[in-house]
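Here is the structure we will look at.
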Amino acid sequence: MNKKINLSILTLALASVLSLSACDDGNDGKDGVDGATGAAGLAGPSGLPAGSFVNTVENAADFVLTLAPTDIVVTGSTPFSIKFTATGKNNTGDAVPFVGLDTIALYVTNQVENATETGAPMVWSNNALVNKFGTSMYCTLDGSATTHSGDAVDACTLVADAENPGTYTGTWEHDGNAPVVLADGNPESLFRVMVRTYNVTDSSGEGISDKLLSAPLDFIPATGELAVSAKDLVANTSCIRCHSEITGYGEGDERIANIGAHHNYQQVENCIACHNPANAADSEYAELGFNIDLGPMVHTIHSGAYNAEQDLLTGKALEFSKIGSPNDLEDCTSCHTSDEGWNKNVYAQACVGCHMEVDFKTGEGHSEFNLAQSDDSQCMACHSQGDLSPVNAHKIGDRAATIAALDVKVSNVSYTEGVAVDDEDSLSVTLDVQFNGQAVAEGFAFTDYAQISRGAPLAFIFVGTVDDKGTITSNVKMDFIGAKADAAGKVTVTKVGVLNLDGQSLYLASSMLLCNNKALELAACDDAKHQDRISVAMPTKYWNLAEADGSKPNIGRLSQPERMTASEEGCNSCHGTLVNHHYGNLTFTQCANCHNNTTPGSAFEGAYTQTGVDADGEFIYEAMPGVKFYNHDLVTVAHRLHSGIMNRGDGASIYRDTDNELVNYSAVQTDCTACHKADAKFFTTDGGLTSGKRAIEVKSDDVINYISPVAESCRSCHAHANEAAYAHFRSNGATTVEDAATTDNLPIESCATCHAEGKAYGVDKAHTGIVH
């Protein structure tokens with residue numbers, strides 16, 4: 001040890017002397033002459049030019065995996081193989097080879113004829129499930145994998161093609177053939193292959209939020225030809241109407257954005273890989289309380305609230321108790337857009353998905369005769385055509401036809417002001433009423449066909465005043481009790497009282513909920529829960545009492561398309577029609593009878609979230625501290641309802657759970673286009689709302705004041721961040737409830753500075769949850 005230390009010291013001293021002597025010699029310390037050039041090394045492999053490949057993508061729609069039938073072996077005795085290509089978008093938006101894949105999962109199903117008398121005529125069969133391997137097979141670089149449950153399993157071996165970047169092959173290097181190959185499968189039948197890709201990130205290393213799935217490939221192995229499945233009875237488009245769409249995948253590749261289960265497998269065609277009769281028969285699922293085969297399961301989910309009311313849900317199906325169909329439950333065409341297939345595909349399991357009260361084995365509930373059915377062999381004997389066919393039994397299309405057949409228009413308005421102070425005013429409104437193009441018969445009365453609500457027929461004309469800004473103020477409610485049609489089919493309704501309407505510009509809208517029958521005729525309501533109901537689609541009328549003929553009226557904001565950012569079409573995309581939802585109102589102008597920004601106060605002042613479950617399994621709701629609403633303007637109410645906070649704590653269908661997560665709202669929360677027009681502009685150049693709305697009336701402790709509209713609309717969804725949100729609103733010029741003004745002449749909020757379209761935090765960026 002000592003010798004080493006001394007040697008080191010000596011070396012250091014010698015180096016010091018040499019360096020000093022170099023200076024003493026006058027040496028300038030420059031580098032020496034370069035040595036001779038060495039021999040050239042061996043050439044390395046050529047790299048890919050920059051931008052010609054990617055190994056990350058910014059979102060799922062930028063990643064495309066392409067399969068070809070001729071590159072897949074999944075039936076017979078030939079060894080399994082698969083080849084596919086993967087591309088991603090580079091910085092310039094070009095599709096280039098994607099390199100570096102290390103794990104995929106392969107799902108293979110085939111469509112087979114049902115050999116039993118129970119279930120659908122054609123069913124899906126999962127190859128891996130038949131081979132008792134689970135529902136899919138992994139492919140990895142080393143041919144092994146670990147399942148979600150932690151089990152080690154064999155996998156196919158995934159190899160990248162060095163000569164063709166972005167091309168990959170998979171082969172089975174273990175004993176026997178791969179579990180996704182069906183040895184005795186019929187190569188003439190339709191097979192479906194889907195690939196899920198794992199471990200792909202964006203440029204910052206974050207995992208992609210949506211699953212990376214190939215478009216399902218349907219083909220005939222014997223010929224390699226592409227095929228179309230007869231089993232796909234619901235199009236992805238139908239689901240997208242309520243659940244929003246993941247955009248960016250290209251024409252013909254529709255992806256559903258918001259299906260919570262398993263973090264969304266995006267397409268109906270993908271779901272059947274697991275949700276098929278064979279998997280449903282597994283004893284593991286016997287106690288679920290519902291059939292996991294896709295058709296019956298979807299029926300049970302969307303009829304959950306209805307069957308919960310009858311205490312028919314059990315087991316895990318209780319989780320569906322708050323889920324209802326936003327459209328009529330009987331309207332099968334909400335999802336089934338063609339009557340071919342589903343209307344000829346009747347079997348008990350699908351029916352029981354909704355009709356859970358029916359016991360086909362005993363016959364209980366199966367018609368008035370309680371017909372027992374040991375299997376499905378006789379279903380089509382009764383249900384193939386006529387009134388008992390699904391399309392007729394569910395009264396599809398009757399409502400729309402009856403609404404179209406009933407034509408109601410305001411033909412005259414007359415007003416007489418009381419002469420003396422104590423005299424009453426008189427307002428009369430005359431309607432021209434036709435059905436199927438003919439004037440209704442003398443004596444026709446709306447009240448004969450009206451739904452009864454709170455002991456009275458639901459048939460009214462609402463009359464309000466309209467100012468020159470298009471702002472509606474509710475005023476008069478006119479009922480039709482005693483009003484009958486004259487010989488010309490005209491129905492006149494009159495209201496007498498202190499009305500104070502002289503010289504005003506009026507708004508007149510109907511609110512009538514009537515009943516109809518299968519023959520497309522108006523019919524007396526029979527109180528059946530699901531009897532067909534229609535709303536009277538009377539065009540909203542504007543009438544100026546200052547003019548003898550009612551001309552030159554002010555027009556309400558909701559009747560000016562250029563000022564509207566939302567549309568009934570947006571609502572109807574999911575709801576089909578709003579008839580069943582609130583007093584039979586079909587249009588925003590009808591909703592404005594009550595939901596306008598000059599009608600203060602709210603029946604739902606508080607905001608509630610779920611905080612637990614009681615001993616009976618019922619949800620417990622508690623009010624969000626400090627969050628109160630004192631108006632029911634249409635804008636704020638619609639936001640509050642769909643954000644899950646507008647309820648009395650009594651179990652609303654859309655709610656926020658214990659983690660403050662939104663439950664049972666079908667669309668993506670940030671997808672404003674679910675209701676608003678795709679090209680909507682929310683703000684004008686002065687920073688105010690396009691609608692022209694500059695204030696909302698509020699009523700607290702019987703005192704009427706005014707608050708800012710933008711802040712209140714935002715708070716209707718962002719109430720969970722109440723204190724922080726309020727601070728933000730106030731700092732940007734909003735007038736809130738706590739400091740409400742006594743005038744509606746409020747300053748314009750500065751929200752548009754940051755949140756107008758095109759700005760850094762514009763609504764078009766912050767609320768684009770599905771646009772990729």
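Just so we're on the same page: first chain in the structure tokens is A, next is B, and so on; residues restart at 1 for each chain, and ligands are numbered from 1 in the order they show up.
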>> According to DSSP computed on the backbone, where in stretch 34-160 of chain A is there helix (DSSP H, G or I)? Give the residues as a ChimeraX atom specification.
In response: /A:60-62,127-130
Output for the residues just chosen: all heavy atoms as a PDB file, in the first residue's frame:
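Output file result.pdb is given in full below:
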ATOM      1  N   ALA A  60     -54.948   8.100 -30.101  1.00  0.00           N
ATOM      2  CA  ALA A  60     -55.238   6.780 -30.658  1.00  0.00           C
ATOM      3  C   ALA A  60     -55.541   6.835 -32.149  1.00  0.00           C
ATOM      4  O   ALA A  60     -55.175   5.913 -32.893  1.00  0.00           O
ATOM      5  CB  ALA A  60     -56.410   6.148 -29.907  1.00  0.00           C
ATOM      6  N   ALA A  61     -56.208   7.886 -32.602  1.00  0.00           N
ATOM      7  CA  ALA A  61     -56.597   7.949 -34.007  1.00  0.00           C
ATOM      8  C   ALA A  61     -55.406   8.126 -34.936  1.00  0.00           C
ATOM      9  O   ALA A  61     -55.516   7.905 -36.142  1.00  0.00           O
ATOM     10  CB  ALA A  61     -57.595   9.086 -34.223  1.00  0.00           C
ATOM     11  N   ASP A  62     -54.241   8.503 -34.380  1.00  0.00           N
ATOM     12  CA  ASP A  62     -53.038   8.632 -35.204  1.00  0.00           C
ATOM     13  C   ASP A  62     -52.359   7.287 -35.444  1.00  0.00           C
ATOM     14  O   ASP A  62     -51.427   7.194 -36.246  1.00  0.00           O
ATOM     15  CB  ASP A  62     -52.032   9.570 -34.528  1.00  0.00           C
ATOM     16  CG  ASP A  62     -52.475  11.025 -34.577  1.00  0.00           C
ATOM     17  OD1 ASP A  62     -53.395  11.331 -35.355  1.00  0.00           O
ATOM     18  OD2 ASP A  62     -51.914  11.841 -33.834  1.00  0.00           O
ATOM     19  N   ASN A 127     -62.798 -18.205 -30.601  1.00  0.00           N
ATOM     20  CA  ASN A 127     -61.877 -19.337 -30.795  1.00  0.00           C
ATOM     21  C   ASN A 127     -61.091 -19.682 -29.536  1.00  0.00           C
ATOM     22  O   ASN A 127     -60.971 -20.849 -29.154  1.00  0.00           O
ATOM     23  CB  ASN A 127     -60.896 -19.018 -31.929  1.00  0.00           C
ATOM     24  CG  ASN A 127     -61.551 -19.044 -33.292  1.00  0.00           C
ATOM     25  OD1 ASN A 127     -62.777 -19.026 -33.406  1.00  0.00           O
ATOM     26  ND2 ASN A 127     -60.741 -19.062 -34.336  1.00  0.00           N
ATOM     27  N   ALA A 128     -60.512 -18.678 -28.885  1.00  0.00           N
ATOM     28  CA  ALA A 128     -59.717 -18.942 -27.680  1.00  0.00           C
ATOM     29  C   ALA A 128     -60.589 -19.502 -26.568  1.00  0.00           C
ATOM     30  O   ALA A 128     -60.153 -20.373 -25.795  1.00  0.00           O
ATOM     31  CB  ALA A 128     -59.030 -17.664 -27.222  1.00  0.00           C
ATOM     32  N   LEU A 129     -61.825 -19.013 -26.512  1.00  0.00           N
ATOM     33  CA  LEU A 129     -62.751 -19.510 -25.485  1.00  0.00           C
ATOM     34  C   LEU A 129     -63.088 -20.975 -25.726  1.00  0.00           C
ATOM     35  O   LEU A 129     -63.117 -21.792 -24.790  1.00  0.00           O
ATOM     36  CB  LEU A 129     -64.021 -18.657 -25.492  1.00  0.00           C
ATOM     37  CG  LEU A 129     -64.953 -18.790 -24.297  1.00  0.00           C
ATOM     38  CD1 LEU A 129     -64.274 -18.316 -23.033  1.00  0.00           C
ATOM     39  CD2 LEU A 129     -66.222 -17.976 -24.543  1.00  0.00           C
ATOM     40  N   VAL A 130     -63.303 -21.343 -26.979  1.00  0.00           N
ATOM     41  CA  VAL A 130     -63.575 -22.742 -27.315  1.00  0.00           C
ATOM     42  C   VAL A 130     -62.387 -23.615 -26.925  1.00  0.00           C
ATOM     43  O   VAL A 130     -62.540 -24.744 -26.445  1.00  0.00           O
ATOM     44  CB  VAL A 130     -63.878 -22.881 -28.829  1.00  0.00           C
ATOM     45  CG1 VAL A 130     -63.910 -24.343 -29.241  1.00  0.00           C
ATOM     46  CG2 VAL A 130     -65.198 -22.195 -29.159  1.00  0.00           C
TER      47      VAL A 130
END
> Near stretch 373-389 of chain A, within 6 Å and counting only C-alpha atoms, which residues show up once chain neighbours fewer than 2 positions away are dropped, as number ranges by chain?
Replying inline: A: 117-118, 347, 360-361, 391-393
Store the residues of this selection in a file with N, CA, C and O atoms, as a short mmCIF file (atom, residue, chain, number, x, y, z; two decimals), in the first residue's frame.
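Written file, result-v7.cif:
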data_model
loop_
_atom_site.label_atom_id
_atom_site.label_comp_id
_atom_site.auth_asym_id
_atom_site.auth_seq_id
_atom_site.Cartn_x
_atom_site.Cartn_y
_atom_site.Cartn_z
N GLU A 117 -82.25 -25.03 -29.87
CA GLU A 117 -83.52 -24.31 -30.03
C GLU A 117 -83.60 -23.11 -29.08
O GLU A 117 -84.66 -22.53 -28.91
N THR A 118 -82.46 -22.78 -28.46
CA THR A 118 -82.43 -21.67 -27.52
C THR A 118 -81.43 -20.62 -27.99
O THR A 118 -80.29 -20.94 -28.28
N TYR A 347 -85.94 -14.14 -29.73
CA TYR A 347 -85.64 -15.24 -28.82
C TYR A 347 -85.77 -14.73 -27.38
O TYR A 347 -85.61 -13.54 -27.10
N PHE A 360 -90.50 -17.31 -18.92
CA PHE A 360 -90.92 -18.11 -20.05
C PHE A 360 -91.05 -19.60 -19.69
O PHE A 360 -91.82 -20.32 -20.32
N LYS A 361 -90.35 -20.04 -18.69
CA LYS A 361 -90.45 -21.45 -18.32
C LYS A 361 -91.83 -21.77 -17.74
O LYS A 361 -92.44 -22.78 -18.05
N VAL A 391 -91.53 -4.90 -34.41
CA VAL A 391 -91.67 -3.54 -34.94
C VAL A 391 -93.06 -2.98 -34.70
O VAL A 391 -93.24 -1.77 -34.55
N ASN A 392 -94.07 -3.84 -34.63
CA ASN A 392 -95.43 -3.37 -34.37
C ASN A 392 -95.77 -3.42 -32.89
O ASN A 392 -96.46 -2.53 -32.36
N ALA A 393 -95.31 -4.45 -32.21
CA ALA A 393 -95.61 -4.56 -30.78
C ALA A 393 -95.04 -3.39 -29.99
O ALA A 393 -95.58 -3.02 -28.95
#
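Using only C-alpha atoms for every distance, the candidate list A:Phe63, A:Phe588, A:Tyr249, A:Phe80 yields A:Phe588 as the residue closest to A:Gln560.
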>> I'd like the neighbourhood of stretch 271-284 of chain A as a ChimeraX atom specification, where a residue qualifies if any of its atoms comes within 10 Å (using only C-alpha atoms), though same-chain residues fewer than 3 positions away should be ignored.
In response: /A:107-110,119-120,123-130,134-136,192-194,231-232,264-268,287-288,290-297
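Nearest residue to A:Gly324, choosing from A:Thr598, A:Ser338, A:Asn664, A:Ser453 and counting only C-alpha atoms: A:Asn664.
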